[in-house]
Structure formats: C-alpha cells, structure tokens
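Okay, so here's the structure we're looking at.
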Amino acid sequence: MHITVKLFATFRVGRFAAQAREYPEGTRIADVVRDLHIREAEIGTIMLNNRHAEPDQQLNDGDNLSIFPLVGGG
Amino acid sequence: MDKILRVDMSALSTRIETVPAAWAGLGGRGLTSTIVAAEVPPTCHPLGANNKLVFAPGLLTGTPAANSGRLSAGAKSPLTGTIKESNAGGTAAQMLARLGIKALIIEGLPEADKWYSLHVSKDGVTIQEETELVGKGNFAVIEAVEARLGKKTGVLTIGPAGELKMTAANISVKDPDSKIRSHGRGGLGAVMGSKKIKFISIDDQGAPGVKIADPEKFKTAARTFAKALLDHPVSGEGLPTYGTNVLVNILNEAGGLPTRNFSTGQFAGAEKICGETMHDTIVARGGKPKHGCHAGCIIQCSQVYPDKEGKYKTSGFEYETIWGFGADCCIDDLDDIAEADNVMDDLGIDSIETAVMFAVAMEAGVLPFGDGKGVIRLLREEIGKGTPLGRILGNGAGSVGNAYGITRVPVVKNQGIPAYDPRSVKGIGITYATSTMGADHTAGYTIATNILNVGGYVDPLKKEGQVELSRNLQIATAAVDSTGMCIFIAFPALDIPECLPALIDMINARFGIALTGEDVTNLGKYVLKTERQFNIGAGFTNKHDRLPEFFYTEPVAPHNAVWDFTDEEIDEYWNF
C-alpha cells in the first residue's frame with residue numbers, strides 16, 4: 001500500500017522531507033519508524049492524517065504519516 | 001538597597017523612592033501589574049495623564065541564573081483597554097537589576113508640545129528635551145544613543161508608530177548586538193509616545209550589582225536548572241537549531257495553522273516558510289541560526305537572518321510573525337517576510353498585531369492576499385508616514401475590521417489572535433478568551449500539551465481537560481513572568497522534575513527566603529486576580545471572555561472544527 005511519509009526537523013537529516021513509500025498490508029506506524037532507523041524514544045509527535053497517533057496504530061492505503069522529534073516554540 | 005524610580009512627566013521631575021514592603025517580594029509582571037492596579041484608575045484613558053508606564057526586571061534578573069534577563073513593561077493598554085504586561089529580552093532588564101532598580105514608573109503628561117528622553121544611571125533618572133531623534137526609526141535611535149553615550153548604553157525606544165500613538169506600537173529594547181527585541185503586544189509604545197518620551201537610555205557603570213543571600217545554594221540550583229534547559233530536546237536542541245519557526249510544519253500538519261485570515265487551517269506554502277527552510281537558508285547565506293536575546297540565555301532560539309547578499313536583514317524572526325505574514329496573509333516568500341520584520345522593528349510596531357491586521361486588510365481588499373511587496377510598501381509609506389490609511393492599519397486588526405465592515409476579525413478584547421486556530425487547538429482558545437491580556441498565546445501556552453506532547457497530552461480537538469489545562473498554565477506563566485525568566489523554560493519545567501524546584505531554590509537563595517511550590521502557585525493566582533480586578537474596574541465582564549462569533553459558526557478545514565464551548569464552560573476558568 002502507498003503511504004506518504006513526512007519527516008521534520010532533525011529527522012530530515014540524512015533522510016528526506018517527504019516521500020511516497022510502499023508498505024505491506026498490516027504495517028503499523030512503529031514498523032515505518034523502525035524502517036527509517038528512528039529511535040522511538042526520540043519521537044515527540046506522530047500525526048496520521050492530521051490527527052495525533054500512537055506507534056501501534058495500523059496504517060491504511062493512502063495514509064499520510066508525519067513524524068516529529070520533540071519540538072516547541074511559541 | 002533596591003529602589004523605585006518615579007518620573008513625573010507633568011512636572012518634569014523625578015525622584016527615588018524606597019521599595020514599599022508589599023512590593024519587596026515581587027518582580028517582573030507581578031510588580032508591574034501590582035503597581036498599575038494600585039496606581040492607575042481602571043477607567044482612565046490609556047493615552048491620558050492618569051495612565052502610568054511601568055518597567056520592572058524579574059526577581060532573578062541580574063543574577064547568573066540562565067535565561068533570567070527579561071524585562072516586564074506594564075500599563076493600561078490602549079489596544080485592549082485592559083491591564084497589560086508585555087515582556088522582552090534585550091540588555092535593559094539586567095542593567096536595571098544591577099542598578100538596584102526594582103521598577104521605573106513613568107506618570108503624567110508633559111504640557112509643552114516637546115519630546116523628551118530619560119537617562120537612568122546609578123544616580124537615578126533625569127529628563128532631557130530631545131529634538132534630533134524625533135521621527136526617527138529605532139535603528140537610528142540606537143545608533144545615535146550609542147554615539148552619544150557609549151556602545152554599552154542600554155536603550156528602550158519607540159519608533160514612528162509609538163510617536164503617532166498607534167495602538168499596535170511597541171517598545172523596542174536594544175539587544176546585545178545593538179539590534180532589537182520588543183515589548184510587542186498591547187500598544188505600550190503608544191503609552192510611551194503619549195508621555196512624549198522618545199527613548200530611555202541606561203548606564204549601569206558603578207552599579208552595585210545583585211546581591212545573592214546564599215551564593216553556594218544559588219550556584220548549585222543554577223547548575224541543576226541550566227542542565228535541565230540543555231537536556232530537554234525542545235530547549236536544548238529544537239529551539240537553538242530551528243528557532244520558534246519550527247512550529248509552522250507541526251501546526252500545519254495538525255490543521256491548526258490559521259490561513260487566509262483564519263478561513264482554513266493549512267497553508268500550501270508552508271514548506272517555503274517553515275523553520276527547516278529558514279535554517280537551511282540562514283546557513284547557506286552565512287547567517288547565525290542561533291542567537292540569544294540577552295546575556296546568559298542558553299536556549300538561543302533567536303537567529304540572524306541575512307539577505308541574499310549575506311547582509312543582516314533581521315533577527316528575532318519568530319514563528320508568530322512568519323505564520324502571520326506567511327499563512328495568514330498567504331505570502332510564501334521568506335525574504336519578503338524578513339524585510340517586513342525589519343521594517344516593523346524600525347517603525348516599532350507589533351509584528352503579531354500587524355500580521356493579523358494585514359490578513360484582515362487583505363480580506364477587505366486593501367491589498368491582495370499573498371502581496372508581500374504590498375505589505376512592505378504599506379508599512380513604509382502608510383503606517384510609517386502616519387497617513388490616514390496608515391493610522392487605520394497601525395491601530396491593529398480590530399481597527400481595520402471596523403473601518404472596512406469585515407466580520408471575520410480574529411481578536412479578543414481587540415487584540416489580534418496569534419498563530420494557533422482555537423477551533424482545532426481548543427485549549428489555546430480558552431487562553432485567548434480568558435487571558436487578562438486579550439488574545440495572547442504566551443499567557444497559557446496549551447500548544448505544549450495539545451500539540452507538542454510536552455507536559456502530557458490533551459487532545460486538541462476535544463473540549464475535555466482544556467479549561468483546567470489553560471488555567472494551570474496561566475497560573476504558572478504569571479509566576480514565571482514575575483521571575484524574569486524566558487517563558488521557554490516552561491518546556492523543561494513541564495517534563496523534567498528537577499527544573500521547577502531548582503528555579504524556586506534560586507529565588508530562595510537570591511533573597512534568603514523559603515518559598516514552596518505552593519507559594520509560587522499562589523503568586524501566579526495573585527497576579528491573575530489582581531489583573532482581573534483591574535479589568536473589572538475598567539468595565540470588563542465575563543461576556544468579554546469570548547471568542548469572535550465566526551469561530552462558533554464557520555467550521556475550519558481540515559477537521560471542520562468549530563469553537564463549541566458554552567459560556568458556562570469558559571467561565572469555569574476563573575474558578576480558583
């Protein structure tokens with residue numbers, strides 16, 4: 001299935017900003033995180049289709065997945 | 001011995017006062033709000049003789065505590081009609097604290113149609129007539145004051161916007177590089193302009209410095225505190241690398257990035273203006289991605305943004321400014337936004353109010369959405385010159401909405417709503433509605449917990465937990481704003497258990513007292529209630545603690561969210 005993966009801030013370094021990627025049915029967010037060699041402990045926020053999400057959530061074809069380290073400002 | 005400096009612009013006289021016992025334990029916002037509430041009639045005209053402009057460094061300012069160099073400015077706001085505290089970095093706060101000046105109170109109005117400057121030194125404060133710098137921009141003022149009095153002189157100044165008493169005018173503070181930080185919100189520049197003070201210079205030669213009652217205890221606590229700031233990923237890595245502008249992408253992904261005058265929640269041009277792009281642009285042009293707004297800042301969220309030739313363009317280039325001109329005005333050119341930021345620094349006008357205002361002006365057809373060059377032209381030619389149109393624009397979003405009959409005007413208590421849509425980030429809506437300051441994200445920054453997973457997580461799209469979250473953060477913020485600390489210490493304080501106790505230990509070691517966490521919470525409550533009492537006296541009721549009607553009736557994409565709190569639910573905020 002097609003998943004659009006977007007990375008932000010330091011997660012882009014040595015990886016990418018946005019990419020359309022292929023994953024098998026049943027893939028969970030945590031599987032994508034592992035595939036990208038991101039340590040779960042470094043993750044601040046995950047958003048799946050503009051909603052906050054957890055690593056154990058399953059993905060569906062056409063999903064937009066955004067992964068952020070802990071960031072802040074204001 | 002700490003002292004109060006009082007300047008009477010009606011009599012053109014000054015005096016040094018001892019600090020009343022009731023004020024001794026206060027600093028920063030706690031002190032400015034206490035003084036304004038005690039001495040300013042709440043129904044006075046903000047630009048009249050009865051308003052007072054108060055500056056106060058925080059409780060820890062002038063000590064070696066990291067990030068403690070913020071200055072509070074307070075008065076009755078000409079923009080909101082409420083009490084106002086606006087705090088800023090720069091060099092002035094630490095100089096005032098080292099001089100033992102607990103507060104500088106400026107009252108009255110001069111009779112003659114003349115401009116003045118104030119000079120603060122170890123001997124007190126003096127008033128001089130000023131002619132040369134009247135009408136000049138802030139950069140020219142700083143340059144001239146340094147030429148007259150020396151490079152190290154501290155400067156608080158107003159630009160043309162303040163001289164023209166525009167309600168979006170700010171007070172600019174010289175930073176360590178002779179550039180500008182701002183007491184941005186609430187039109188305090190107009191209050192300074194009404195008192196005919198073009199600038200205040202500060203000379204801290206011979207200053208007694210800040211005495212610390214228990215230096216050993218202070219040193220230990222300061223070390224723990226600084227370690228927490230450096231260890232937390234937000235204050236230790238994210239902010240110094242990408243600045244506050246790192247937020248463009250996360251708010252855009254969350255659908256909470258107000259776009260096209262708050263008509264939708266995502267901006268197609270986000271990638272062009274985001275913190276990641278800004279960082280790469282700064283590095284490629286040889287600028288500085290990290291920079292502190294005051295000596296002793298170890299977070300370094302500021303930056304120096306150069307133009308295409310590598311020359312200084314702006315600094316302190318913040319998310320809210322970039323969001324406002326970017327997403328809200330649909331300008332996807334970071335260089336145009338940087339130019340506008342530089343012009344606003346020079347004119348001395350709040351970059352949040354002005355950005356929100358321009359989006360309303362675009363909706364009104366004054367200029368097209370996305371017209372970055374038009375914004376720069378209107379800033380220089382209309383606002384900067386005080387033309388009739390410039391005065392309408394320079395009085396903020398509400399003023400433009402009134403002048404052009406626009407109903408989608410994002411303001412609370414007439415102050416522009418910043419960078420987070422309250423329909424899709426509901427906690428911040430409670431802060432906008434209930435803050436004693438008018439719409440102010442910094443008053444209770446629920447974005448931390450609604451969006452960033454700092455201090456836990458409260459779902460931004462649901463109502464549950466938002467009132468309590470906003471209340472707790474507003475209480476904590478009012479206390480932190482009294483210490484002279486940068487508000488970004490809240491990120492580690494929310495997550496790292498040693499951080500807040502270390503902050504309290506530093507206050508205790510500085511004054512030789514024994515405050516508990518509960519005392520600090522009570523300080524925050526006291527500050528909020530004091531400010532609210534002033535606002536009630538000025539005629540504000542719970543009916544003013546509401547968001548504009550369009551937030552209730554216009555769903556915002558992508559979540560099709562509306563603002564759906566009842567009046568009773570909002571009013572529950574004040575139940576403490």
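Here, A, B, ... name the chains of the structure tokens in the order displayed, residue numbers run from 1 inside each chain, and ligands are numbered from 1 in the same displayed order.
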Output as JSON lines one row per residue of stretch 222-298 of chain B within 10 Å of stretch 553-568 of chain B: the closest atom pair and its distance in Å to one decimal place, counting only C-alpha atoms, sorted by chain and residue number ascending.
{"residue": "B:Glu253", "atom": "CA", "partner": "B:Pro558", "partner_atom": "CA", "distance": 9.7}
{"residue": "B:Ala254", "atom": "CA", "partner": "B:Pro558", "partner_atom": "CA", "distance": 8.7}
{"residue": "B:Gly255", "atom": "CA", "partner": "B:Pro558", "partner_atom": "CA", "distance": 5.8}
{"residue": "B:Gly256", "atom": "CA", "partner": "B:Pro558", "partner_atom": "CA", "distance": 8.7}
{"residue": "B:Pro258", "atom": "CA", "partner": "B:Val556", "partner_atom": "CA", "distance": 9.0}
{"residue": "B:Thr259", "atom": "CA", "partner": "B:Val556", "partner_atom": "CA", "distance": 9.9}
{"residue": "B:Phe262", "atom": "CA", "partner": "B:Val556", "partner_atom": "CA", "distance": 8.0}
{"residue": "B:Ser263", "atom": "CA", "partner": "B:Val556", "partner_atom": "CA", "distance": 6.6}
{"residue": "B:Thr264", "atom": "CA", "partner": "B:Val556", "partner_atom": "CA", "distance": 5.2}
{"residue": "B:Gly265", "atom": "CA", "partner": "B:Ala557", "partner_atom": "CA", "distance": 5.4}
{"residue": "B:Gln266", "atom": "CA", "partner": "B:Pro558", "partner_atom": "CA", "distance": 7.5}
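Here the DSSP assignment of strand (DSSP E), based on backbone atoms, applies within chain A to His2, Ile3, Thr4, Val5, Lys6, Leu7, Ala18, Gln19, Ala20, Arg21, Glu22, Ile43, Gly44, Thr45, Ile46, Met47, Leu48, Arg51, His52, Asn64, Leu65, Ser66, Ile67, Phe68 and Pro69 of chain A.
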Inset, instruction - Fewer than 3 positions away in the same chain doesn't count, so skip those; otherwise give me all residues within 12 Å of stretch 376-381 of chain B, counting only C-alpha atoms, as an MDAnalysis selection string. - result: chainID B and resid 137 160:161 325 331 335:351 354:355 357:358 361:362 366:367 370:373 384:394
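If only C-alpha atoms are the atoms counted, then among A:Gly14, A:Pro69, A:Pro55, A:Gly62 the closest residue to A:Leu36 is A:Gly14.
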Legend entry - Residues of chain B within 9 Å of chain A, only C-alpha atoms counted, as a ChimeraX atom specification: /B:232-235,237-239,241-247,249-250,252-255,275-276,301,318-320,419,441-442,445,447-448,451-454,459,488,491,558-559
Inset, instruction - Would you please extract all alpha helix (DSSP H) residues from stretch 6-73 of chain A, as assigned by DSSP on the backbone, and give them as a ChimeraX atom specification? - result: /A:29-35
